[in-house]
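A.B. asks: See my_file-v7.txt below, with compact mmCIF, C-alpha atoms.
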# COMPACT_ATOMS: atom_id res chain seq x y z
CA MET A 1 -0.70 135.52 -5.48
CA GLY A 2 1.84 136.36 -2.87
CA LEU A 3 5.52 136.87 -3.39
CA ARG A 4 6.28 133.52 -1.86
CA GLU A 5 4.06 131.63 -4.30
CA THR A 6 5.36 133.57 -7.27
CA LEU A 7 8.93 132.78 -6.34
CA LYS A 8 8.10 129.16 -5.82
CA GLU A 9 6.49 128.98 -9.21
CA GLU A 10 9.18 130.91 -11.02
CA LEU A 11 11.97 128.87 -9.48
CA SER A 12 10.26 125.54 -9.96
CA PHE A 13 12.63 124.76 -12.82
CA LEU A 14 15.31 124.19 -10.20
CA GLY A 15 13.57 120.95 -9.42
CA GLY A 16 14.65 119.76 -12.85
CA PHE A 17 18.28 120.19 -11.88
CA LYS A 18 17.81 117.80 -9.02
CA VAL A 19 18.27 114.81 -11.29
CA THR A 20 21.45 116.25 -12.71
CA LEU A 21 22.83 117.27 -9.35
CA GLU A 22 22.09 113.88 -7.89
CA GLN A 23 24.43 112.34 -10.44
CA MET A 24 27.30 114.30 -8.97
CA ARG A 25 27.49 112.23 -5.86
CA ARG A 26 27.46 108.96 -7.76
CA SER A 27 30.83 107.41 -8.45
CA ARG A 28 32.30 107.64 -11.94
CA VAL A 29 31.65 104.67 -14.16
CA THR A 30 33.80 105.42 -17.21
CA TRP A 31 36.57 102.97 -17.96
CA GLN A 32 39.60 104.79 -19.28
CA TYR A 33 40.15 102.11 -21.87
CA PRO A 34 43.61 102.67 -23.29
CA LEU A 35 44.87 103.02 -19.74
CA GLU A 36 42.77 100.40 -18.02
CA LYS A 37 40.71 97.46 -19.09
CA LYS A 38 37.39 96.46 -17.67
CA PRO A 39 37.74 93.10 -15.96
CA LYS A 40 36.51 90.31 -18.16
CA PRO A 41 33.87 87.76 -17.27
CA ILE A 42 35.35 84.34 -16.64
CA ARG A 43 33.60 82.89 -19.66
CA GLN A 44 34.78 85.59 -22.05
CA HIS A 45 35.62 84.25 -25.50
CA GLY A 46 38.59 85.96 -27.04
CA ARG A 47 41.34 85.19 -29.45
CA HIS A 48 42.18 81.47 -29.81
CA VAL A 49 45.35 79.73 -28.81
CA LEU A 50 46.63 76.35 -29.95
CA ASN A 51 47.97 74.52 -26.93
CA ARG A 52 50.91 72.21 -26.50
CA TYR A 53 51.72 69.46 -24.03
CA GLU A 54 54.32 69.91 -21.35
CA ASP A 55 56.94 68.19 -23.48
CA GLY A 56 56.37 70.73 -26.24
CA MET A 57 54.29 68.46 -28.47
CA GLU A 58 51.33 70.10 -30.11
CA LYS A 59 47.92 68.95 -28.98
CA CYS A 60 46.32 69.38 -32.37
CA ILE A 61 45.94 66.12 -34.23
CA GLY A 62 44.59 67.59 -37.43
CA CYS A 63 41.19 65.92 -37.20
CA GLU A 64 39.41 68.98 -38.66
CA LEU A 65 36.47 68.68 -36.30
CA CYS A 66 36.81 72.34 -35.40
CA ALA A 67 36.67 73.31 -39.05
CA GLY A 68 33.66 71.08 -39.52
CA VAL A 69 31.70 72.53 -36.63
CA CYS A 70 32.55 76.16 -37.32
CA PRO A 71 29.35 77.96 -38.32
CA ALA A 72 31.24 80.80 -39.95
CA ASP A 73 33.70 78.61 -41.88
CA CYS A 74 36.58 80.58 -40.51
CA ILE A 75 38.90 77.67 -39.69
CA TYR A 76 41.03 75.94 -42.26
CA VAL A 77 42.86 72.83 -41.14
CA ARG A 78 44.86 70.29 -43.04
CA GLY A 79 46.19 67.25 -41.24
CA ALA A 80 49.30 65.37 -42.21
CA ASP A 81 51.08 62.24 -41.01
CA ASN A 82 53.58 62.86 -38.27
CA PRO A 83 57.15 62.58 -39.47
CA GLU A 84 58.70 59.49 -37.84
CA ALA A 85 61.93 61.14 -36.86
CA ASP A 86 60.55 64.33 -35.40
CA PRO A 87 56.86 64.04 -34.54
CA VAL A 88 54.92 67.24 -33.99
CA SER A 89 52.09 65.72 -31.99
CA PRO A 90 51.90 62.52 -29.96
CA GLY A 91 49.34 60.95 -32.24
CA GLU A 92 49.48 59.61 -35.72
CA ARG A 93 48.69 62.88 -37.42
CA TYR A 94 49.14 66.53 -36.69
CA GLY A 95 47.73 69.85 -37.83
CA PHE A 96 49.86 70.64 -40.82
CA VAL A 97 48.04 73.84 -41.71
CA TYR A 98 45.95 75.68 -39.18
CA GLU A 99 44.41 79.00 -40.08
CA ILE A 100 41.70 81.08 -38.46
CA ASN A 101 40.26 84.08 -40.22
CA TYR A 102 39.38 86.56 -37.50
CA LEU A 103 37.30 88.56 -39.88
CA ARG A 104 34.93 85.60 -39.97
CA CYS A 105 35.26 84.12 -36.49
CA ILE A 106 32.26 84.85 -34.30
CA HIS A 107 33.87 83.49 -31.12
CA CYS A 108 31.10 80.99 -30.47
CA ASP A 109 33.59 78.54 -28.91
CA MET A 110 32.13 75.57 -30.73
CA CYS A 111 35.60 74.65 -32.00
CA VAL A 112 36.72 74.51 -28.37
CA GLU A 113 33.89 72.15 -27.57
CA ALA A 114 34.48 70.02 -30.61
CA CYS A 115 38.19 69.58 -30.04
CA PRO A 116 38.90 66.08 -28.72
CA THR A 117 42.36 66.94 -27.38
CA GLU A 118 41.71 70.40 -25.91
CA ALA A 119 44.13 71.73 -28.46
CA ILE A 120 42.22 74.86 -29.28
CA THR A 121 41.03 77.09 -26.48
CA GLU A 122 40.21 80.74 -26.20
CA SER A 123 42.00 83.45 -24.31
CA LYS A 124 40.33 86.53 -22.89
CA MET A 125 42.11 88.93 -25.22
CA PHE A 126 39.58 90.61 -27.41
CA GLU A 127 41.19 93.97 -28.14
CA PHE A 128 42.63 93.74 -31.61
CA SER A 129 42.03 95.31 -34.98
CA PHE A 130 43.58 95.07 -38.40
CA THR A 131 44.52 97.52 -41.07
CA ASN A 132 44.52 94.91 -43.80
CA ARG A 133 42.87 91.60 -44.42
CA ALA A 134 46.04 89.56 -44.49
CA ASP A 135 46.75 90.30 -40.83
CA ALA A 136 43.39 88.88 -39.87
CA ILE A 137 44.26 85.38 -41.03
CA TYR A 138 46.16 83.81 -38.18
CA THR A 139 48.35 80.88 -39.07
CA LYS A 140 49.92 78.29 -36.83
CA ALA A 141 52.90 80.52 -36.24
CA GLU A 142 50.65 83.01 -34.50
CA LEU A 143 48.22 80.64 -32.80
CA VAL A 144 50.49 78.04 -31.23
CA VAL A 145 51.60 78.94 -27.71
CA ASP A 146 55.24 79.56 -26.95
CA ASP A 147 57.47 77.25 -24.92
CA GLU A 148 56.01 78.43 -21.64
CA GLY A 149 52.45 77.92 -22.77
CA ARG A 150 51.76 81.60 -23.16
CA PRO A 151 49.93 82.92 -26.17
CA ARG A 152 52.05 84.84 -28.63
CA ARG A 153 51.49 88.55 -28.49
CA LEU A 154 51.14 90.08 -31.89
CA PRO A 155 51.89 93.74 -32.38
CA TRP A 156 48.32 94.65 -33.28
CA GLU A 157 46.90 92.98 -30.21
CA ASP A 158 46.49 94.61 -26.84
CA TRP A 159 47.57 92.13 -24.20
CA ARG A 160 47.60 93.14 -20.58
CA PRO A 161 48.64 91.21 -17.51
CA GLY A 162 45.93 88.70 -16.74
CA ASP A 163 44.65 88.30 -20.27
CA ASP A 164 46.66 85.15 -20.77
CA ASP A 165 45.54 83.54 -17.53
CA HIS A 166 43.90 80.15 -17.92
CA THR A 167 44.20 80.17 -21.67
CA SER A 168 44.89 76.46 -21.83
CA ALA A 169 42.13 75.60 -19.41
CA TRP A 170 38.98 76.99 -20.74
CA MET A 171 35.44 75.98 -20.10
CA ARG A 172 32.69 74.58 -22.17
CA ALA A 173 30.67 77.17 -24.00
CA THR A 174 27.47 75.49 -22.97
CA SER A 175 27.36 75.80 -19.23
CA PRO A 176 26.64 72.61 -17.33
CA SER A 177 25.91 74.63 -14.25
CA GLY A 178 22.24 73.88 -14.47
CA SER A 179 22.86 70.21 -13.96
CA ALA A 180 23.37 69.04 -10.40
CA GLU A 181 25.84 66.33 -11.33
CA TYR A 182 28.35 68.88 -12.55
CA GLU A 183 28.13 70.97 -9.41
CA GLY A 184 31.56 72.09 -8.30
CA ARG A 185 33.46 69.99 -10.80
CA VAL A 186 36.30 71.23 -12.93
CA GLN A 187 35.05 71.06 -16.47
CA TRP A 188 38.32 71.57 -18.16
CA SER A 189 41.90 70.96 -17.29
CA GLY A 190 45.08 72.20 -18.78
CA GLU A 191 48.47 70.61 -18.63
CA LEU A 192 50.68 73.41 -19.77
CA GLY A 193 50.72 77.02 -18.84
CA TYR A 194 47.99 78.70 -17.04
CA GLY A 195 46.40 75.87 -15.52
CA VAL A 196 43.46 74.25 -13.94
CA ARG A 197 40.86 76.74 -12.96
CA ALA A 198 38.71 76.40 -9.90
CA PRO A 199 35.30 74.86 -10.36
CA GLU A 200 32.68 77.34 -11.30
CA GLY A 201 29.83 77.90 -8.91
CA GLY A 202 26.59 76.37 -9.99
CA GLN A 203 23.10 77.54 -9.37
CA SER A 204 22.93 76.33 -5.81
CA GLY A 205 24.42 79.50 -4.38
CA ARG A 206 27.56 77.63 -3.37
CA ARG A 207 30.23 79.61 -5.10
CA ASP A 208 33.82 80.50 -4.53
CA ASP A 209 34.29 83.81 -6.25
CA GLU A 210 37.75 84.23 -4.84
CA ALA A 211 39.04 81.02 -6.37
CA THR A 212 37.43 81.44 -9.76
CA GLY A 213 38.79 84.94 -10.03
CA ILE A 214 35.43 86.58 -10.45
CA ARG A 215 35.46 88.32 -7.07
CA SER A 216 37.06 91.54 -8.19
CA LEU A 217 34.81 91.64 -11.26
CA ARG A 218 31.71 91.37 -9.12
CA ASP A 219 32.90 94.06 -6.77
CA VAL A 220 33.87 96.42 -9.53
CA LEU A 221 30.74 95.87 -11.53
CA SER A 222 28.54 96.51 -8.51
CA LEU A 223 29.35 100.11 -9.31
CA HIS A 224 26.42 100.04 -11.66
CA LEU A 225 23.90 98.58 -9.29
CA ASP A 226 21.54 100.49 -7.09
CA ASP A 227 22.07 100.02 -3.42
CA ASP A 228 19.15 97.66 -2.96
CA GLU A 229 20.51 95.37 -5.67
CA ARG A 230 23.87 95.00 -4.00
CA THR A 231 24.86 92.29 -1.59
CA ASP A 232 25.48 93.23 2.01
CA GLU A 233 29.21 93.58 1.64
CA GLN A 234 28.84 95.73 -1.45
CA ARG A 235 26.68 98.26 0.34
CA GLY A 236 27.47 101.52 2.03
CA VAL A 237 30.84 102.99 2.86
CA GLN A 238 32.40 99.58 3.22
CA GLY A 239 31.30 98.58 -0.27
CA ALA A 240 32.51 101.85 -1.75
CA LEU A 241 35.90 101.25 -0.18
CA ARG A 242 36.00 97.73 -1.60
CA ARG A 243 35.27 99.01 -5.08
CA LEU A 244 37.85 101.72 -4.75
CA ARG A 245 40.47 99.27 -3.58
CA HIS A 246 39.80 96.88 -6.44
CA ARG A 247 39.89 99.69 -8.91
CA VAL A 248 43.21 100.93 -7.58
CA GLU A 249 44.61 97.41 -7.72
CA LEU A 250 43.35 97.02 -11.25
CA GLN A 251 44.89 100.28 -12.31
CA LYS A 252 48.19 99.35 -10.74
CA LYS A 253 48.16 96.07 -12.59
CA LEU A 254 47.05 97.48 -15.90
CA LEU A 255 49.01 100.70 -15.93
CA SER A 256 52.27 98.82 -16.15
CA PRO A 257 54.01 100.01 -19.32
CA ARG A 258 52.15 99.09 -22.41
CA ARG A 259 53.51 96.40 -24.74
CA LYS A 260 56.74 96.19 -22.84
CA ASP A 261 56.89 92.49 -23.46
CA ALA A 262 55.43 92.54 -26.97
CA MET B 1 44.27 123.54 -47.67
CA GLY B 2 46.52 125.34 -50.08
CA LEU B 3 49.35 123.21 -48.74
CA GLU B 4 49.78 121.41 -52.02
CA ASP B 5 51.59 124.26 -53.73
CA LEU B 6 54.03 124.95 -50.91
CA PRO B 7 57.41 123.37 -50.74
CA HIS B 8 57.62 120.93 -47.87
CA ASN B 9 59.65 122.53 -45.14
CA PHE B 10 59.74 122.88 -41.39
CA LEU B 11 56.81 125.26 -41.28
CA THR B 12 54.51 123.10 -43.37
CA GLY B 13 55.68 120.09 -41.44
CA ARG B 14 54.60 121.65 -38.17
CA LEU B 15 51.38 122.80 -39.78
CA GLU B 16 50.74 119.28 -40.97
CA ASP B 17 51.27 118.00 -37.45
CA LEU B 18 48.74 120.48 -36.18
CA VAL B 19 46.22 119.54 -38.84
CA LYS B 20 46.72 115.88 -38.19
CA TRP B 21 46.37 116.42 -34.46
CA SER B 22 43.13 118.29 -34.87
CA ARG B 23 41.77 115.71 -37.27
CA ARG B 24 42.73 112.92 -34.94
CA MET B 25 41.14 114.47 -31.90
CA SER B 26 37.78 115.23 -33.52
CA VAL B 27 36.85 112.38 -35.80
CA TRP B 28 33.11 112.65 -36.04
CA PRO B 29 31.47 109.37 -36.93
CA ALA B 30 28.44 109.13 -39.17
CA THR B 31 25.53 107.22 -37.78
CA PHE B 32 25.60 104.03 -39.73
CA GLY B 33 24.43 101.28 -37.45
CA LEU B 34 23.05 98.37 -39.43
CA ALA B 35 22.64 95.54 -36.97
CA CYS B 36 23.63 94.27 -33.56
CA CYS B 37 27.07 95.87 -33.84
CA ALA B 38 25.30 99.20 -33.58
CA ILE B 39 24.32 98.31 -30.02
CA GLU B 40 27.98 97.96 -29.11
CA MET B 41 28.70 101.16 -31.02
CA MET B 42 26.13 102.91 -28.86
CA ALA B 43 27.72 101.36 -25.79
CA VAL B 44 31.01 102.96 -26.79
CA GLY B 45 29.30 106.32 -26.88
CA ALA B 46 27.63 105.84 -23.51
CA ALA B 47 29.02 106.62 -20.09
CA ASP B 48 30.83 103.35 -19.54
CA PHE B 49 33.32 103.85 -22.33
CA ASP B 50 32.59 107.43 -23.24
CA LEU B 51 33.81 108.08 -26.73
CA SER B 52 33.88 111.81 -26.04
CA ARG B 53 37.24 111.20 -24.41
CA PHE B 54 38.49 111.04 -27.99
CA GLY B 55 36.37 113.93 -29.19
CA MET B 56 34.05 111.59 -31.05
CA GLU B 57 30.82 111.72 -29.12
CA VAL B 58 28.84 113.42 -31.86
CA PHE B 59 27.44 110.73 -34.09
CA ARG B 60 26.38 112.88 -37.00
CA ALA B 61 23.13 112.08 -38.68
CA SER B 62 24.26 113.94 -41.79
CA PRO B 63 27.14 112.50 -43.81
CA ARG B 64 28.23 116.02 -44.75
CA GLN B 65 29.36 116.64 -41.20
CA ALA B 66 31.01 113.29 -40.61
CA ASP B 67 34.62 112.22 -41.08
CA LEU B 68 34.34 108.59 -40.20
CA MET B 69 31.90 105.93 -41.23
CA ILE B 70 31.67 103.05 -38.78
CA VAL B 71 29.93 100.36 -40.76
CA ALA B 72 28.37 98.52 -37.86
CA GLY B 73 26.63 95.39 -38.97
CA ARG B 74 25.94 93.23 -42.00
CA VAL B 75 25.42 95.04 -45.26
CA SER B 76 22.75 93.54 -47.46
CA GLN B 77 22.93 93.82 -51.23
CA LYS B 78 20.08 96.30 -51.09
CA MET B 79 21.86 98.47 -48.57
CA ALA B 80 25.12 98.52 -50.51
CA PRO B 81 24.25 101.41 -52.88
CA VAL B 82 22.95 103.40 -49.93
CA LEU B 83 26.16 102.82 -48.06
CA ARG B 84 28.18 103.93 -51.06
CA GLN B 85 26.06 107.03 -51.41
CA VAL B 86 26.51 107.97 -47.78
CA TYR B 87 30.23 107.47 -48.21
CA ASP B 88 30.28 109.63 -51.33
CA GLN B 89 28.38 112.36 -49.54
CA MET B 90 30.91 112.56 -46.76
CA MET B 91 33.43 115.37 -46.97
CA GLU B 92 37.08 114.59 -47.35
CA PRO B 93 39.14 113.55 -45.56
CA LYS B 94 37.07 110.54 -44.61
CA TRP B 95 37.77 107.19 -43.10
CA VAL B 96 35.93 103.92 -42.77
CA ILE B 97 35.99 101.41 -39.94
CA SER B 98 34.49 98.06 -40.78
CA MET B 99 33.05 96.98 -37.47
CA GLY B 100 32.36 93.34 -36.86
CA VAL B 101 32.86 90.26 -38.94
CA CYS B 102 29.67 90.72 -40.97
CA ALA B 103 30.75 94.07 -42.29
CA SER B 104 34.28 92.85 -42.81
CA THR B 105 33.68 89.58 -44.64
CA GLY B 106 30.04 88.67 -44.33
CA GLY B 107 30.88 86.64 -41.26
CA MET B 108 28.68 83.64 -40.76
CA PHE B 109 26.19 84.97 -43.30
CA ASN B 110 27.82 83.48 -46.33
CA ASN B 111 24.80 83.82 -48.56
CA TYR B 112 23.34 85.71 -51.49
CA ALA B 113 21.79 88.47 -49.44
CA ILE B 114 24.82 89.82 -47.62
CA VAL B 115 27.75 91.69 -49.13
CA GLN B 116 30.82 89.58 -48.43
CA GLY B 117 32.96 92.37 -47.10
CA VAL B 118 32.18 96.05 -47.15
CA ASP B 119 35.54 96.77 -48.72
CA GLN B 120 34.02 95.71 -52.00
CA ILE B 121 32.05 98.93 -51.88
CA VAL B 122 34.07 101.46 -49.91
CA PRO B 123 37.77 101.59 -49.01
CA VAL B 124 38.18 100.36 -45.45
CA ASP B 125 40.90 101.70 -43.20
CA VAL B 126 40.55 99.56 -40.09
CA TYR B 127 38.79 96.25 -39.54
CA ALA B 128 37.46 95.46 -36.08
CA PRO B 129 36.93 91.72 -35.58
CA GLY B 130 34.34 90.17 -33.31
CA CYS B 131 30.71 89.29 -33.36
CA PRO B 132 30.00 91.88 -32.19
CA PRO B 133 33.25 93.57 -31.25
CA SER B 134 33.31 94.59 -27.65
CA PRO B 135 33.45 98.32 -26.94
CA GLU B 136 37.16 97.90 -26.24
CA THR B 137 37.69 96.30 -29.63
CA LEU B 138 35.99 99.18 -31.37
CA MET B 139 38.03 101.63 -29.33
CA HIS B 140 41.14 99.70 -30.30
CA ALA B 141 40.14 100.11 -33.93
CA ILE B 142 39.50 103.79 -33.38
CA LEU B 143 42.89 104.23 -31.74
CA THR B 144 44.49 102.36 -34.63
CA LEU B 145 42.77 104.79 -36.96
CA HIS B 146 44.06 107.69 -34.88
CA GLU B 147 47.56 106.35 -35.36
CA LYS B 148 46.92 106.02 -39.05
CA ILE B 149 45.83 109.64 -39.20
CA ARG B 150 48.77 110.71 -37.10
CA THR B 151 51.39 108.94 -39.15
CA GLY B 152 49.80 109.35 -42.55
CA GLU B 153 50.32 112.25 -44.86
CA ILE B 154 47.56 114.75 -45.23
CA THR B 155 48.26 115.48 -48.85
CA ARG B 156 49.80 113.68 -51.78
CA ARG B 157 53.02 115.35 -52.73
CA PRO B 158 54.46 115.29 -56.22
CA HIS B 159 57.88 114.24 -54.97
CA VAL B 160 58.83 111.33 -52.80
CA PRO B 161 59.48 112.77 -49.33
CA ASP B 162 62.95 112.33 -47.98
CA SER B 163 62.74 109.28 -45.78
CA GLY B 164 65.38 109.91 -43.16
CA GLY B 165 65.52 107.99 -39.91
CA GLU B 166 62.67 105.79 -38.87
CA GLU B 167 60.24 107.77 -36.81
CA GLU B 168 59.86 106.43 -33.32
CA LEU B 169 56.25 105.35 -32.98
CA ALA B 170 55.23 104.75 -29.42
CA GLY B 171 51.97 103.37 -28.27
CA TRP B 172 49.35 102.12 -30.56
CA VAL B 173 50.92 101.58 -33.94
CA PRO B 174 50.30 98.07 -35.12
CA GLU B 175 52.35 98.63 -38.24
CA ARG B 176 53.54 101.46 -40.39
CA PRO B 177 50.51 102.47 -42.37
CA GLY B 178 51.01 104.07 -45.73
CA ALA B 179 49.73 107.47 -46.69
CA VAL B 180 46.13 108.05 -45.82
CA ARG B 181 44.13 107.81 -48.97
CA LEU B 182 42.28 110.99 -49.74
CA GLY B 183 38.94 109.97 -51.07
CA THR B 184 37.98 108.17 -54.21
CA PRO B 185 40.51 107.69 -56.96
CA ARG B 186 39.37 109.48 -60.08
Re-express the file's structure as structure tokens.
C.D. replies:
Amino acid sequence: MGLRETLKEELSFLGGFKVTLEQMRRSRVTWQYPLEKKPKPIRQHGRHVLNRYEDGMEKCIGCELCAGVCPADCIYVRGADNPEADPVSPGERYGFVYEINYLRCIHCDMCVEACPTEAITESKMFEFSFTNRADAIYTKAELVVDDEGRPRRLPWEDWRPGDDDHTSAWMRATSPSGSAEYEGRVQWSGELGYGVRAPEGGQSGRRDDEATGIRSLRDVLSLHLDDDERTDEQRGVQGALRRLRHRVELQKKLLSPRRKDA
Amino acid sequence: MGLEDLPHNFLTGRLEDLVKWSRRMSVWPATFGLACCAIEMMAVGAADFDLSRFGMEVFRASPRQADLMIVAGRVSQKMAPVLRQVYDQMMEPKWVISMGVCASTGGMFNNYAIVQGVDQIVPVDVYAPGCPPSPETLMHAILTLHEKIRTGEITRRPHVPDSGGEEELAGWVPERPGAVRLGTPR
């Protein structure tokens, strides 16, 4: 065996490093969570909010359908007759007691579907934890939105800009996108706060990612795809620049001082 | 530690800070994945969320080397004694995160087979809600625990410490936690 062959054989372990070294030119994928949040999917189910009408009336009518449909039995509602002088909701009755135990809630969104008045919807905020069980039981004081329609920010929750977008206008948990008659229709509408969201693209390929707010998510998440799985505009140098730009924008948005407005 | 016999002064105070800092920055979790929450727990350890940023990437297979038990998933009645044993085998100081609604309260499994809340068996420090909690939720719970370690006392002192001005707690403190419990009450 010549010197050349011996060297080739002895140094063949270097081939094993190829896999490792190839990783070095891939972009970093780690989300620096306390500093930045990964963008959420548009259908993300997070912490609930109880909505109000524009005149400040509560939407909840105390019908207890949400409590009835809840598979985890985490909702406790008691309805009561509206006081004549100072009604809480426009109907006959209102939600007198409304409690959700977040140590039981599985965020299935069935309460949102069951609600006849769109009173209960879900926000995208999912970053919260408790140090005792009492904190986990949210009462009406914590669930009902404030005068502007924004969800209340509790000290043990991690709200960032954008998490309270579209909280009053959420979508059905069961997607109608498979059905042609729902194509391009707004499935949910909100009166107060953070509004009517753009119709979600169906399965026909006709989709407006810019309007539904999923554009940046798709660009950022294409980080994880191989090049042949990406769309044309996500490929190559141009795509890398897009991702970088979105990431910088995201960081700028999210790095604003934490819990300044809590 | 030997700190128990010393009078509490500036030096021990600084030393406590150092101990708390080192504990906070290297909380090694025990591998205790029980159900689907364990998948999210693994996701936290993987590259996307990278738990090693907090010095926690080593999920210890042996409870002797672990500080933190992340109870990830529903605990059945049969698993309960095992869970307690693993907890008892862990060295002090030790903490418990109850991850997910099943571990916390039984969640939607309100039946005879599932323990309705793991805090019936072991003392829980932080509850992470969700079914399963997203990696961010678990990290939020971990950061809450870090705050608890940072603000808690590392040893029980015979006297009530002089509570002067309120300490300014920036960042992640959801509330003022009490002293960190050191193990099982005898």
A.B. asks: Specify as a VMD selection string all residues of chain B found within 10 Å of chain A, counting all atoms listed in the file.
C.D. replies: chain B and resid 46 to 51 53 97 to 110 117 119 124 to 145 148 170 to 177
A.B. asks: Within 12 Å of (21.9, 96.5, -48.0) (coordinates as in the file), grab all the protein and nucleic acid residues, counting only C-alpha atoms, and write them out as a list in words.
C.D. replies: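 Every residue inside that radius is included here: Phe32, Gly33, Leu34, Ala35, Val71, Gly73, Arg74, Val75, Ser76, Gln77, Lys78, Met79, Ala80, Pro81, Val82, Leu83, Arg84, Gln85, Cys102, Ala103, Gly106, Tyr112, Ala113, Ile114, Val115, Gln116, Gly117, Val118 and Ile121 of chain B.
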A.B. asks: Between atom CA of A:Asp147 and atom CA of A:Pro90, what distance in Å does the model show, to one decimal?
C.D. replies: 16.5 Å
A.B. asks: Counting only C-alpha atoms, which residues come within 12 Å of (37.7, 71.8, -38.5), with the point read in the file's coordinates, and could you list them as a tab-separated table (two decimals) with C-alpha atoms, in the frame of the given file?
C.D. replies:
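Final output, saved to selection-v5.tsv:
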chain	number	residue	atom	x	y	z
A	60	CYS	CA	46.32	69.38	-32.37
A	61	ILE	CA	45.94	66.12	-34.23
A	62	GLY	CA	44.59	67.59	-37.43
A	63	CYS	CA	41.19	65.92	-37.20
A	64	GLU	CA	39.41	68.98	-38.66
A	65	LEU	CA	36.47	68.68	-36.30
A	66	CYS	CA	36.81	72.34	-35.40
A	67	ALA	CA	36.67	73.31	-39.05
A	68	GLY	CA	33.66	71.08	-39.52
A	69	VAL	CA	31.70	72.53	-36.63
A	70	CYS	CA	32.55	76.16	-37.32
A	71	PRO	CA	29.35	77.96	-38.32
A	72	ALA	CA	31.24	80.80	-39.95
A	73	ASP	CA	33.70	78.61	-41.88
A	74	CYS	CA	36.58	80.58	-40.51
A	75	ILE	CA	38.90	77.67	-39.69
A	76	TYR	CA	41.03	75.94	-42.26
A	77	VAL	CA	42.86	72.83	-41.14
A	78	ARG	CA	44.86	70.29	-43.04
A	79	GLY	CA	46.19	67.25	-41.24
A	95	GLY	CA	47.73	69.85	-37.83
A	97	VAL	CA	48.04	73.84	-41.71
A	98	TYR	CA	45.95	75.68	-39.18
A	99	GLU	CA	44.41	79.00	-40.08
A	100	ILE	CA	41.70	81.08	-38.46
A	110	MET	CA	32.13	75.57	-30.73
A	111	CYS	CA	35.60	74.65	-32.00
A	112	VAL	CA	36.72	74.51	-28.37
A	113	GLU	CA	33.89	72.15	-27.57
A	114	ALA	CA	34.48	70.02	-30.61
A	115	CYS	CA	38.19	69.58	-30.04
A	116	PRO	CA	38.90	66.08	-28.72
A	119	ALA	CA	44.13	71.73	-28.46
A	120	ILE	CA	42.22	74.86	-29.28
A.B. asks: By how many Å are atom CA of B:Gly152 and atom CA of B:Met91 apart?
C.D. replies: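 Atom CA of B:Met91 lies at a distance of 18.0 Å from atom CA of B:Gly152.
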A.B. asks: Please enclose the listed atoms of stretch 68-87 of chain B in an axis-aligned box, pad each side by 3 Å, and write out the centre and the three edge lengths in Å, rounded to one decimal, as JSON.
C.D. replies:
{"center_x": 27.2, "center_y": 100.9, "center_z": -45.4, "size_x": 20.3, "size_y": 21.4, "size_z": 21.0}
A.B. asks: Between B:Val122, B:Met56, B:Ala38, B:Leu11, which residue has the minimum interatomic distance to B:Ser26, considering all atoms listed in the file?
C.D. replies: B:Met56
A.B. asks: Measure the distance from atom CA of B:Gly55 to atom CA of A:Arg26 in Å and round it to one decimal.
C.D. replies: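 According to the coordinates, atom CA of B:Gly55 and atom CA of A:Arg26 are separated by 23.7 Å.
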